[in-house]
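What follows is target04.cif (mmCIF, C-alpha atoms).
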data_work
#
loop_
_atom_site.label_atom_id
_atom_site.label_comp_id
_atom_site.auth_asym_id
_atom_site.auth_seq_id
_atom_site.Cartn_x
_atom_site.Cartn_y
_atom_site.Cartn_z
CA MET A 1 12.55 -35.84 36.95
CA ALA A 2 15.29 -38.40 36.26
CA TYR A 3 18.79 -36.95 36.36
CA ASP A 4 21.79 -38.34 34.49
CA LEU A 5 24.34 -36.52 36.67
CA ILE A 6 24.26 -34.52 39.88
CA LEU A 7 27.14 -32.34 41.06
CA ARG A 8 26.66 -32.37 44.82
CA GLY A 9 27.45 -29.60 47.27
CA GLY A 10 29.75 -27.30 45.31
CA ARG A 11 29.96 -23.53 45.42
CA VAL A 12 27.93 -22.71 42.33
CA LEU A 13 29.26 -19.48 40.84
CA ASP A 14 27.23 -18.49 37.80
CA PRO A 15 27.45 -14.80 36.86
CA SER A 16 24.69 -15.22 34.25
CA GLN A 17 22.22 -15.66 37.13
CA GLY A 18 24.01 -13.61 39.78
CA LEU A 19 24.37 -16.92 41.61
CA ASP A 20 27.02 -17.63 44.27
CA THR A 21 25.81 -20.28 46.67
CA THR A 22 26.45 -23.82 47.86
CA THR A 23 23.98 -26.13 46.16
CA ASP A 24 23.56 -28.99 43.66
CA VAL A 25 23.46 -28.91 39.87
CA ALA A 26 21.73 -31.64 37.86
CA PHE A 27 21.95 -32.59 34.19
CA SER A 28 19.57 -34.54 31.98
CA ASP A 29 19.60 -35.27 28.25
CA GLY A 30 22.73 -33.18 27.71
CA LYS A 31 21.36 -30.04 29.36
CA VAL A 32 21.25 -28.41 32.77
CA SER A 33 18.01 -29.59 34.30
CA ALA A 34 17.93 -28.27 37.88
CA ILE A 35 19.78 -26.23 40.49
CA GLY A 36 18.89 -26.60 44.15
CA PRO A 37 19.79 -28.18 47.47
CA CYS A 38 19.58 -31.94 48.06
CA LEU A 39 18.48 -32.93 44.56
CA LYS A 40 17.34 -36.55 44.63
CA PRO A 41 19.06 -39.14 42.41
CA ASP A 42 17.55 -42.36 41.19
CA ALA A 43 19.30 -45.69 40.64
CA ALA A 44 20.80 -44.63 37.30
CA THR A 45 22.03 -41.18 38.37
CA GLU A 46 25.75 -40.53 38.61
CA VAL A 47 26.47 -38.39 41.67
CA ARG A 48 29.72 -36.47 42.05
CA ASP A 49 30.66 -34.92 45.38
CA VAL A 50 32.23 -31.55 44.52
CA SER A 51 32.04 -30.02 47.98
CA GLY A 52 34.94 -27.67 48.54
CA ALA A 53 35.12 -26.88 44.81
CA ILE A 54 33.62 -24.17 42.63
CA VAL A 55 31.13 -25.14 39.93
CA THR A 56 30.89 -22.68 37.06
CA PRO A 57 29.32 -22.78 33.62
CA GLY A 58 31.64 -24.52 31.18
CA LEU A 59 34.63 -22.28 30.52
CA ILE A 60 34.90 -20.76 27.05
CA ASP A 61 38.33 -19.87 25.70
CA LEU A 62 37.44 -17.20 23.15
CA HIS A 63 40.87 -17.17 21.48
CA THR A 64 42.69 -20.42 20.72
CA HIS A 65 44.48 -22.13 17.84
CA VAL A 66 43.47 -25.79 17.67
CA TYR A 67 43.62 -26.80 13.99
CA TRP A 68 46.12 -29.42 15.10
CA GLY A 69 47.94 -31.11 12.22
CA GLY A 70 46.57 -28.60 9.74
CA THR A 71 48.48 -25.51 10.83
CA SER A 72 51.91 -25.16 12.40
CA LEU A 73 50.73 -22.96 15.27
CA SER A 74 47.91 -25.15 16.60
CA VAL A 75 47.78 -27.34 19.71
CA GLU A 76 45.83 -30.57 20.14
CA PRO A 77 42.40 -29.45 21.37
CA GLU A 78 41.16 -32.32 23.53
CA ALA A 79 44.24 -32.52 25.75
CA TYR A 80 44.48 -28.74 26.01
CA CYS A 81 40.85 -28.27 26.97
CA ARG A 82 40.82 -31.04 29.55
CA GLY A 83 43.92 -29.64 31.19
CA SER A 84 42.49 -26.12 31.40
CA GLY A 85 38.86 -26.91 32.30
CA ILE A 86 37.53 -25.71 28.94
CA THR A 87 34.31 -27.02 27.43
CA THR A 88 34.25 -24.71 24.40
CA ALA A 89 37.33 -23.63 22.45
CA ILE A 90 37.06 -20.89 19.85
CA ASP A 91 39.63 -21.17 17.10
CA THR A 92 40.46 -17.72 15.82
CA GLY A 93 41.55 -17.75 12.22
CA SER A 94 43.81 -20.80 12.07
CA ALA A 95 41.80 -21.87 9.03
CA GLY A 96 40.66 -19.80 6.09
CA PRO A 97 38.12 -20.66 3.39
CA GLY A 98 40.71 -22.73 1.55
CA ASN A 99 41.21 -25.25 4.36
CA PHE A 100 38.26 -24.95 6.74
CA HIS A 101 36.66 -28.13 5.43
CA GLY A 102 39.67 -30.16 6.60
CA PHE A 103 39.52 -28.44 9.97
CA ARG A 104 35.87 -29.38 10.30
CA ARG A 105 36.22 -32.99 9.16
CA HIS A 106 39.47 -33.98 10.83
CA VAL A 107 39.56 -31.94 14.04
CA ILE A 108 36.23 -30.36 15.00
CA GLU A 109 33.86 -33.24 14.31
CA PRO A 110 35.86 -35.97 16.10
CA CYS A 111 36.64 -33.83 19.14
CA PRO A 112 34.44 -34.33 22.25
CA VAL A 113 35.03 -30.71 23.24
CA ARG A 114 32.98 -28.11 21.38
CA ILE A 115 35.05 -26.14 18.86
CA LEU A 116 33.69 -23.05 17.13
CA ALA A 117 35.65 -20.81 14.78
CA TYR A 118 36.28 -17.35 13.49
CA LEU A 119 37.11 -17.91 9.82
CA ASN A 120 40.21 -16.14 8.56
CA VAL A 121 39.49 -13.86 5.61
CA SER A 122 42.86 -14.92 4.21
CA PHE A 123 42.43 -17.97 1.97
CA ALA A 124 44.88 -20.30 3.73
CA GLY A 125 44.44 -19.02 7.27
CA ILE A 126 47.53 -18.64 9.46
CA PHE A 127 49.87 -20.80 7.41
CA GLY A 128 53.37 -19.57 8.29
CA PHE A 129 53.67 -19.30 12.06
CA ALA A 130 56.66 -21.11 13.57
CA PRO A 131 59.92 -20.33 15.38
CA ARG A 132 61.95 -19.90 12.17
CA VAL A 133 59.14 -19.10 9.71
CA MET A 134 56.86 -16.13 10.35
CA VAL A 135 54.68 -15.00 7.46
CA GLY A 136 51.73 -12.72 8.09
CA GLU A 137 48.84 -14.09 6.06
CA SER A 138 47.27 -10.63 5.72
CA GLU A 139 50.47 -9.18 4.27
CA GLU A 140 49.85 -10.89 0.93
CA ILE A 141 46.82 -9.02 -0.37
CA ARG A 142 46.30 -11.58 -3.13
CA LEU A 143 45.40 -14.15 -0.47
CA LEU A 144 42.51 -12.12 0.94
CA ALA A 145 39.38 -13.98 -0.13
CA PRO A 146 36.18 -12.27 1.02
CA ALA A 147 33.87 -13.98 -1.49
CA GLU A 148 35.23 -17.41 -0.61
CA ALA A 149 35.03 -16.61 3.11
CA VAL A 150 31.38 -15.64 2.76
CA ALA A 151 30.55 -18.84 0.89
CA VAL A 152 32.30 -21.08 3.44
CA ALA A 153 30.82 -19.25 6.43
CA GLN A 154 27.33 -19.44 4.95
CA ALA A 155 27.70 -23.20 4.53
CA ASN A 156 29.05 -23.69 8.07
CA ARG A 157 27.01 -21.34 10.24
CA ASP A 158 26.66 -24.06 12.86
CA LEU A 159 30.38 -23.71 13.62
CA ILE A 160 31.59 -20.36 12.24
CA VAL A 161 30.82 -17.43 14.53
CA GLY A 162 32.61 -14.58 12.74
CA ILE A 163 35.49 -13.39 10.60
CA LYS A 164 39.08 -13.11 11.86
CA VAL A 165 41.55 -10.56 10.54
CA ARG A 166 45.14 -10.04 11.69
CA VAL A 167 46.56 -6.55 11.20
CA GLY A 168 49.86 -5.08 12.32
CA THR A 169 53.47 -5.57 11.35
CA ILE A 170 53.44 -9.28 12.21
CA GLY A 171 50.03 -10.11 10.77
CA SER A 172 49.84 -7.79 7.78
CA GLY A 173 53.25 -6.19 7.21
CA ARG A 174 52.80 -2.72 5.76
CA SER A 175 49.22 -3.32 4.54
CA GLY A 176 47.70 -1.08 7.20
CA THR A 177 43.94 -1.32 7.52
CA VAL A 178 43.34 -2.87 4.07
CA PRO A 179 42.90 -6.45 5.36
CA LEU A 180 40.57 -5.23 8.10
CA ASP A 181 38.44 -3.36 5.57
CA VAL A 182 38.21 -6.50 3.46
CA GLY A 183 37.26 -8.61 6.49
CA LEU A 184 34.59 -6.12 7.51
CA GLN A 185 33.05 -6.34 4.04
CA ALA A 186 32.78 -10.10 4.38
CA ALA A 187 31.35 -9.81 7.90
CA ASP A 188 28.78 -7.25 6.73
CA GLU A 189 27.64 -9.61 4.01
CA LEU A 190 27.26 -12.42 6.56
CA GLY A 191 25.78 -10.38 9.39
CA MET A 192 28.58 -11.67 11.63
CA PRO A 193 31.10 -9.95 13.91
CA VAL A 194 34.80 -9.48 13.24
CA MET A 195 37.58 -10.35 15.62
CA ALA A 196 40.49 -8.01 14.88
CA HIS A 197 44.00 -8.96 15.95
CA ILE A 198 46.35 -6.04 16.49
CA ASP A 199 50.11 -6.13 17.02
CA ASP A 200 52.64 -3.37 16.26
CA PRO A 201 51.71 -0.52 13.89
CA PRO A 202 50.77 0.02 11.19
CA PRO A 203 47.84 0.38 11.67
CA ASN A 204 47.55 2.07 15.04
CA TYR A 205 45.11 1.08 17.76
CA GLU A 206 42.79 4.02 17.10
CA GLU A 207 42.56 3.30 13.36
CA VAL A 208 41.38 -0.22 14.12
CA LEU A 209 38.85 0.86 16.74
CA GLU A 210 37.26 3.50 14.53
CA ARG A 211 36.45 0.87 11.88
CA LEU A 212 34.90 -1.69 14.22
CA ARG A 213 31.14 -2.02 14.65
CA PRO A 214 29.07 -2.84 17.76
CA GLY A 215 29.66 -6.48 18.65
CA ASP A 216 33.05 -6.65 16.95
CA ILE A 217 36.00 -7.72 19.09
CA ILE A 218 39.49 -6.32 19.37
CA THR A 219 41.80 -9.01 20.70
CA HIS A 220 45.23 -8.45 22.28
CA SER A 221 43.50 -5.41 23.73
CA PHE A 222 45.89 -5.03 26.71
CA HIS A 223 48.90 -4.83 24.40
CA ALA A 224 52.06 -2.98 25.43
CA PHE A 225 53.47 0.10 23.66
CA PRO A 226 53.26 0.62 20.74
CA ASN A 227 49.57 0.07 20.04
CA THR A 228 48.58 0.20 23.68
CA PRO A 229 45.20 1.33 25.05
CA ILE A 230 46.75 3.49 27.77
CA THR A 231 48.31 6.95 27.79
CA PRO A 232 51.75 7.85 29.21
CA GLN A 233 49.84 9.61 32.01
CA GLY A 234 48.28 6.34 33.21
CA THR A 235 44.78 6.78 31.83
CA VAL A 236 42.73 4.89 29.28
CA LYS A 237 42.77 6.46 25.84
CA ARG A 238 39.59 8.34 24.97
CA ALA A 239 39.23 6.36 21.76
CA VAL A 240 39.16 3.15 23.80
CA ILE A 241 36.46 4.43 26.14
CA ALA A 242 34.42 5.69 23.19
CA ALA A 243 34.74 2.32 21.46
CA ARG A 244 33.39 0.48 24.49
CA GLU A 245 30.49 2.92 24.69
CA ARG A 246 29.82 2.14 21.03
CA GLY A 247 29.65 -1.60 21.76
CA ILE A 248 33.15 -2.79 20.81
CA LEU A 249 34.31 -5.76 22.90
CA PHE A 250 37.80 -6.03 24.40
CA ASP A 251 39.41 -9.48 24.55
CA ILE A 252 42.74 -10.32 26.21
CA GLY A 253 44.22 -12.92 23.83
CA HIS A 254 47.36 -13.39 25.95
CA GLY A 255 49.51 -15.38 23.50
CA LYS A 256 53.25 -14.98 23.19
CA GLY A 257 53.39 -11.20 23.03
CA SER A 258 50.07 -9.57 23.85
CA LEU A 259 49.49 -9.17 27.60
CA ALA A 260 51.45 -6.63 29.62
CA PHE A 261 50.94 -6.44 33.38
CA LYS A 262 51.76 -2.72 33.26
CA VAL A 263 48.87 -2.14 30.88
CA ALA A 264 46.51 -4.41 32.82
CA ARG A 265 47.21 -2.53 36.06
CA VAL A 266 46.38 0.81 34.47
CA MET A 267 43.24 -0.50 32.77
CA LEU A 268 41.93 -2.12 35.96
CA ALA A 269 42.85 0.91 38.10
CA ASN A 270 40.72 2.99 35.75
CA GLY A 271 37.79 0.59 36.05
CA PHE A 272 38.24 -0.82 32.54
CA MET A 273 37.99 -4.60 32.85
CA PRO A 274 38.29 -6.82 29.81
CA ASP A 275 35.04 -8.14 28.39
CA THR A 276 36.63 -11.53 27.85
CA ILE A 277 39.78 -13.24 29.12
CA SER A 278 41.29 -15.69 26.64
CA SER A 279 44.58 -17.50 26.23
CA ASP A 280 45.45 -17.23 22.52
CA VAL A 281 47.12 -20.59 23.10
CA HIS A 282 49.40 -21.78 20.31
CA THR A 283 52.63 -23.72 19.97
CA LEU A 284 54.84 -20.72 20.79
CA CYS A 285 53.09 -19.86 24.08
CA VAL A 286 51.57 -23.09 25.43
CA ASP A 287 54.77 -23.65 27.44
CA GLY A 288 54.79 -19.99 28.52
CA PRO A 289 54.08 -17.20 28.95
CA ALA A 290 50.35 -17.83 28.36
CA TYR A 291 50.20 -21.58 29.16
CA ASP A 292 46.40 -21.85 29.13
CA LEU A 293 43.12 -20.18 29.98
CA VAL A 294 43.09 -20.82 33.74
CA THR A 295 46.62 -19.44 34.09
CA THR A 296 45.56 -16.29 32.24
CA MET A 297 42.49 -16.03 34.47
CA SER A 298 44.71 -16.51 37.53
CA LYS A 299 46.86 -13.57 36.47
CA PHE A 300 43.86 -11.26 36.46
CA LEU A 301 42.69 -12.62 39.81
CA CYS A 302 46.12 -11.78 41.24
CA LEU A 303 45.97 -8.33 39.63
CA GLY A 304 42.88 -7.63 41.72
CA MET A 305 39.99 -8.50 39.42
CA PRO A 306 37.16 -10.04 41.50
CA LEU A 307 36.67 -13.78 41.03
CA LYS A 308 33.08 -13.39 39.84
CA ASP A 309 34.23 -11.03 37.09
CA VAL A 310 37.08 -13.34 36.11
CA ILE A 311 34.57 -16.21 35.79
CA ALA A 312 32.12 -14.02 33.87
CA SER A 313 34.83 -13.11 31.37
CA ALA A 314 35.22 -16.78 30.38
CA THR A 315 31.55 -17.79 30.59
CA ILE A 316 28.58 -15.49 30.06
CA ASN A 317 30.58 -12.62 28.52
CA ALA A 318 32.19 -14.98 26.02
CA ALA A 319 28.82 -16.56 25.21
CA ARG A 320 27.34 -13.12 24.52
CA ALA A 321 30.27 -12.22 22.29
CA LEU A 322 29.60 -15.44 20.35
CA GLN A 323 25.86 -14.75 20.25
CA ARG A 324 25.32 -18.26 21.62
CA PRO A 325 22.87 -17.78 24.53
CA ALA A 326 22.74 -21.50 25.41
CA LEU A 327 26.41 -21.36 26.45
CA GLY A 328 28.04 -19.70 29.44
CA SER A 329 25.23 -20.37 31.91
CA LEU A 330 23.89 -22.99 34.32
CA LYS A 331 20.29 -21.92 33.87
CA PRO A 332 18.03 -24.95 33.43
CA GLY A 333 17.71 -25.62 29.71
CA SER A 334 21.23 -24.39 28.95
CA VAL A 335 23.84 -26.62 27.35
CA GLY A 336 24.94 -29.17 29.94
CA ASP A 337 28.52 -27.94 30.32
CA ALA A 338 30.20 -27.11 33.61
CA THR A 339 33.70 -26.65 34.96
CA ILE A 340 34.82 -27.65 38.45
CA LEU A 341 37.56 -25.39 39.83
CA LYS A 342 39.46 -24.71 43.02
CA VAL A 343 41.32 -21.54 43.95
CA GLU A 344 44.55 -22.59 45.61
CA ASN A 345 46.40 -20.34 48.03
CA GLY A 346 50.18 -20.21 48.01
CA ARG A 347 53.08 -18.45 46.36
CA PHE A 348 52.93 -18.47 42.57
CA ASP A 349 55.07 -16.76 39.97
CA TYR A 350 53.33 -15.38 36.89
CA VAL A 351 55.01 -13.80 33.89
CA ASP A 352 53.62 -11.58 31.14
CA ALA A 353 54.53 -11.24 27.47
CA LEU A 354 57.32 -8.77 28.27
CA GLY A 355 58.98 -10.95 30.89
CA GLU A 356 57.69 -9.04 33.93
CA HIS A 357 57.08 -11.32 36.91
CA LEU A 358 54.04 -11.02 39.15
CA PRO A 359 54.13 -12.73 42.57
CA GLY A 360 50.66 -14.11 43.21
CA GLU A 361 48.94 -15.75 46.15
CA LYS A 362 46.14 -17.45 44.24
CA LYS A 363 45.90 -19.97 41.43
CA ILE A 364 42.79 -21.24 39.63
CA VAL A 365 43.07 -25.00 39.12
CA PRO A 366 40.61 -27.18 37.15
CA HIS A 367 39.37 -30.39 38.79
CA GLY A 368 36.97 -31.66 36.16
CA ILE A 369 34.55 -30.74 33.43
CA VAL A 370 31.07 -31.75 32.37
CA ILE A 371 30.36 -31.84 28.65
CA ALA A 372 26.79 -32.34 27.42
CA GLY A 373 25.78 -33.62 30.83
CA ARG A 374 28.60 -36.18 31.18
CA TRP A 375 31.46 -35.98 33.67
CA TRP A 376 34.95 -35.74 32.17
CA HIS A 377 37.93 -35.78 34.49
CA SER A 378 40.45 -33.06 33.68
CA SER A 379 43.10 -35.63 32.78
CA GLY A 380 41.08 -38.49 31.36
CA GLY A 381 38.03 -39.67 29.45
CA PRO A 382 34.41 -39.86 30.54
CA GLN A 383 33.97 -41.37 33.97
CA ALA A 384 31.19 -43.95 34.23
CA SER A 385 31.01 -44.63 37.97
CA ARG A 386 27.55 -44.66 39.50
CA THR A 387 26.41 -43.91 43.02
#
Show this structure as structure tokens.
Amino acid sequence: MAYDLILRGGRVLDPSQGLDTTTDVAFSDGKVSAIGPCLKPDAATEVRDVSGAIVTPGLIDLHTHVYWGGTSLSVEPEAYCRGSGITTAIDTGSAGPGNFHGFRRHVIEPCPVRILAYLNVSFAGIFGFAPRVMVGESEEIRLLAPAEAVAVAQANRDLIVGIKVRVGTIGSGRSGTVPLDVGLQAADELGMPVMAHIDDPPPNYEEVLERLRPGDIITHSFHAFPNTPITPQGTVKRAVIAARERGILFDIGHGKGSLAFKVARVMLANGFMPDTISSDVHTLCVDGPAYDLVTTMSKFLCLGMPLKDVIASATINAARALQRPALGSLKPGSVGDATILKVENGRFDYVDALGEHLPGEKKIVPHGIVIAGRWWHSSGGPQASRT
């Protein structure tokens, strides 16, 4: 078989296959075509020596804001994804049914990195999010647009993966669970999951969990008090455990204010790992405390989460949450995306959303990405060198 690209001699770490071994990965026609030692190139094959690096399925950031130029909170997706080793960015509610078409035409379609979206049930999406202007789109009930959201999602099922709702004092003021109930109605009509943002009450954490259905996602799930998943006694709340048993998924969504090391330590000590690790990158956290996906992953690695589980949380687990089985894996036939990483040893200072510092000895650093079977350097465009 003719290969377009071979990644030679890396540590292939693919939790979807239980694979952790030094070998080669080949790509053909935009897909993974083979995994094995000493794969043979032909004259047209590009060969990249990645020995000493880790090759994973393309990283998926399940919570981002990348409607750049269309919303005040969004970052430019191509530069962000290259710098963090991301091959698929999931925008979570930046756009609503009133402006999704612009998002699709002007940002998603021209971008070489795959962008999928949770559509905000609020008509204009997250429209008032800036240092001196903070308006929760779910606070204004008149802007909730379930019929319009259903129509837009139906017409864009290739890109829209679910419905996003923000509830809490910041996202919905004093509206409680009303916006969530409206979003769930739209999601039911579509047969899609909901991603529910939660900040400070109202509503409380338990009220949100009891409404969610199997496959729905609660993001900012390691939030500090109030609306925290842990008890004062250092255990995981029973409602949280019951929700996981029911099939609710727990996403980190670091952002500006939503990851607390204190909470993460308790959750991990009790054996409750997040289903997905995501950055919630936006303009108010891209320069700290979240920075990006690999920094957020590094924090969990330094908190004691095994590397294979950290990688799974941003590959196969995210793909399953999206119900996109072709993503998050290096199985032959899967989408031809891969991320090349190294874990550096040293002394690193990490900070959470509350300002607590965590001294760490490891840092996950991206060294390149493959998108649709083509090599992309982490800081540049597609590389065309041949070997």
I'd like the residues picked by the PyMOL selection byres ((chain A and resi 28) around 8) written out as a VMD selection string, using the chain letters and numbers from the file. chain A and resid 2 to 5 26 to 27 29 to 33 336 373
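When all atoms listed in the file are used to compute distances to Pro359 of chain A, the closest of the residues A:Ala79, A:Leu301, A:Val50, A:Ala264 turns out to be A:Leu301.
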Skipping near chain neighbours, those fewer than 6 positions away, what residues fall within 10 Å of His223 of chain A using all atoms listed in the file, listed as an mmCIF file with C-alpha atoms, in the frame of the given file?
data_model
loop_
_atom_site.group_PDB
_atom_site.id
_atom_site.type_symbol
_atom_site.label_atom_id
_atom_site.label_comp_id
_atom_site.auth_asym_id
_atom_site.auth_seq_id
_atom_site.Cartn_x
_atom_site.Cartn_y
_atom_site.Cartn_z
ATOM 1 C CA ILE A 198 46.350 -6.040 16.490
ATOM 2 C CA ASP A 199 50.110 -6.130 17.020
ATOM 3 C CA ASP A 200 52.640 -3.370 16.260
ATOM 4 C CA TYR A 205 45.110 1.080 17.760
ATOM 5 C CA PRO A 229 45.200 1.330 25.050
ATOM 6 C CA ILE A 230 46.750 3.490 27.770
ATOM 7 C CA ILE A 252 42.740 -10.320 26.210
ATOM 8 C CA GLY A 253 44.220 -12.920 23.830
ATOM 9 C CA HIS A 254 47.360 -13.390 25.950
ATOM 10 C CA GLY A 257 53.390 -11.200 23.030
ATOM 11 C CA SER A 258 50.070 -9.570 23.850
ATOM 12 C CA LEU A 259 49.490 -9.170 27.600
ATOM 13 C CA ALA A 260 51.450 -6.630 29.620
ATOM 14 C CA PHE A 261 50.940 -6.440 33.380
ATOM 15 C CA LYS A 262 51.760 -2.720 33.260
ATOM 16 C CA VAL A 263 48.870 -2.140 30.880
ATOM 17 C CA ALA A 264 46.510 -4.410 32.820
ATOM 18 C CA ALA A 353 54.530 -11.240 27.470
#
Show me, as a PyMOL selection string, the residues that have an atom within 8 Å of Gly85 of chain A when counting only C-alpha atoms, minus same-chain residues fewer than 2 positions from it. chain A and resi 58-59+81-83+87+294+339-341+366-369+378
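Distances to Thr23 of chain A were evaluated for A:Val55, A:Val236, A:Val47, A:Ala95 using only C-alpha atoms, and the minimum falls at A:Val55.
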Residues near Trp68 of chain A, anyone? I mean within 12 Å using only C-alpha atoms, not counting same-chain ones fewer than 6 positions away, as an MDAnalysis selection string. chainID A and resid 74:80 91 94:95 102:104 106:108 111 281:283
Hey, what's within 8 Å of Ile364 of chain A if we count only C-alpha atoms and toss same-chain stuff fewer than 4 positions away? As a VMD selection string, please? chain A and resid 294 to 295 297 to 298 341 to 344
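Of note, atom CA of Asp275 of chain A and atom CA of Glu361 of chain A are spaced 23.8 Å apart.
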Would you save segment 186-200 of chain A from the block above with N, CA and C atoms, as a PDB file, in the first residue's frame?
ATOM      1  N   ALA A 186     -35.118  21.319  23.309  1.00  0.00           N
ATOM      2  CA  ALA A 186     -34.545  21.374  21.967  1.00  0.00           C
ATOM      3  C   ALA A 186     -33.709  20.130  21.686  1.00  0.00           C
ATOM      4  N   ALA A 187     -32.887  19.717  22.654  1.00  0.00           N
ATOM      5  CA  ALA A 187     -32.037  18.547  22.466  1.00  0.00           C
ATOM      6  C   ALA A 187     -32.865  17.281  22.287  1.00  0.00           C
ATOM      7  N   ASP A 188     -33.959  17.156  23.033  1.00  0.00           N
ATOM      8  CA  ASP A 188     -34.845  16.011  22.871  1.00  0.00           C
ATOM      9  C   ASP A 188     -35.410  15.947  21.454  1.00  0.00           C
ATOM     10  N   GLU A 189     -35.811  17.086  20.945  1.00  0.00           N
ATOM     11  CA  GLU A 189     -36.373  17.139  19.599  1.00  0.00           C
ATOM     12  C   GLU A 189     -35.338  16.708  18.555  1.00  0.00           C
ATOM     13  N   LEU A 190     -34.078  17.046  18.804  1.00  0.00           N
ATOM     14  CA  LEU A 190     -33.000  16.744  17.862  1.00  0.00           C
ATOM     15  C   LEU A 190     -32.390  15.362  18.062  1.00  0.00           C
ATOM     16  N   GLY A 191     -32.603  14.764  19.228  1.00  0.00           N
ATOM     17  CA  GLY A 191     -31.894  13.534  19.551  1.00  0.00           C
ATOM     18  C   GLY A 191     -30.417  13.771  19.778  1.00  0.00           C
ATOM     19  N   MET A 192     -30.085  14.934  20.344  1.00  0.00           N
ATOM     20  CA  MET A 192     -28.699  15.323  20.595  1.00  0.00           C
ATOM     21  C   MET A 192     -28.473  15.509  22.091  1.00  0.00           C
ATOM     22  N   PRO A 193     -27.212  15.482  22.524  1.00  0.00           N
ATOM     23  CA  PRO A 193     -26.912  15.753  23.933  1.00  0.00           C
ATOM     24  C   PRO A 193     -26.901  17.243  24.230  1.00  0.00           C
ATOM     25  N   VAL A 194     -26.945  17.546  25.517  1.00  0.00           N
ATOM     26  CA  VAL A 194     -26.776  18.899  26.035  1.00  0.00           C
ATOM     27  C   VAL A 194     -25.433  18.982  26.740  1.00  0.00           C
ATOM     28  N   MET A 195     -24.767  20.110  26.561  1.00  0.00           N
ATOM     29  CA  MET A 195     -23.651  20.458  27.447  1.00  0.00           C
ATOM     30  C   MET A 195     -24.136  21.578  28.342  1.00  0.00           C
ATOM     31  N   ALA A 196     -24.142  21.326  29.650  1.00  0.00           N
ATOM     32  CA  ALA A 196     -24.637  22.300  30.620  1.00  0.00           C
ATOM     33  C   ALA A 196     -23.470  22.940  31.358  1.00  0.00           C
ATOM     34  N   HIS A 197     -23.339  24.247  31.185  1.00  0.00           N
ATOM     35  CA  HIS A 197     -22.407  25.053  31.972  1.00  0.00           C
ATOM     36  C   HIS A 197     -23.042  25.315  33.335  1.00  0.00           C
ATOM     37  N   ILE A 198     -22.213  25.294  34.379  1.00  0.00           N
ATOM     38  CA  ILE A 198     -22.703  25.668  35.698  1.00  0.00           C
ATOM     39  C   ILE A 198     -21.676  26.594  36.346  1.00  0.00           C
ATOM     40  N   ASP A 199     -22.165  27.692  36.926  1.00  0.00           N
ATOM     41  CA  ASP A 199     -21.275  28.540  37.724  1.00  0.00           C
ATOM     42  C   ASP A 199     -21.866  28.643  39.128  1.00  0.00           C
ATOM     43  N   ASP A 200     -22.034  29.824  39.682  1.00  0.00           N
ATOM     44  CA  ASP A 200     -22.558  29.934  41.039  1.00  0.00           C
ATOM     45  C   ASP A 200     -24.080  29.810  41.042  1.00  0.00           C
TER      46      ASP A 200
END
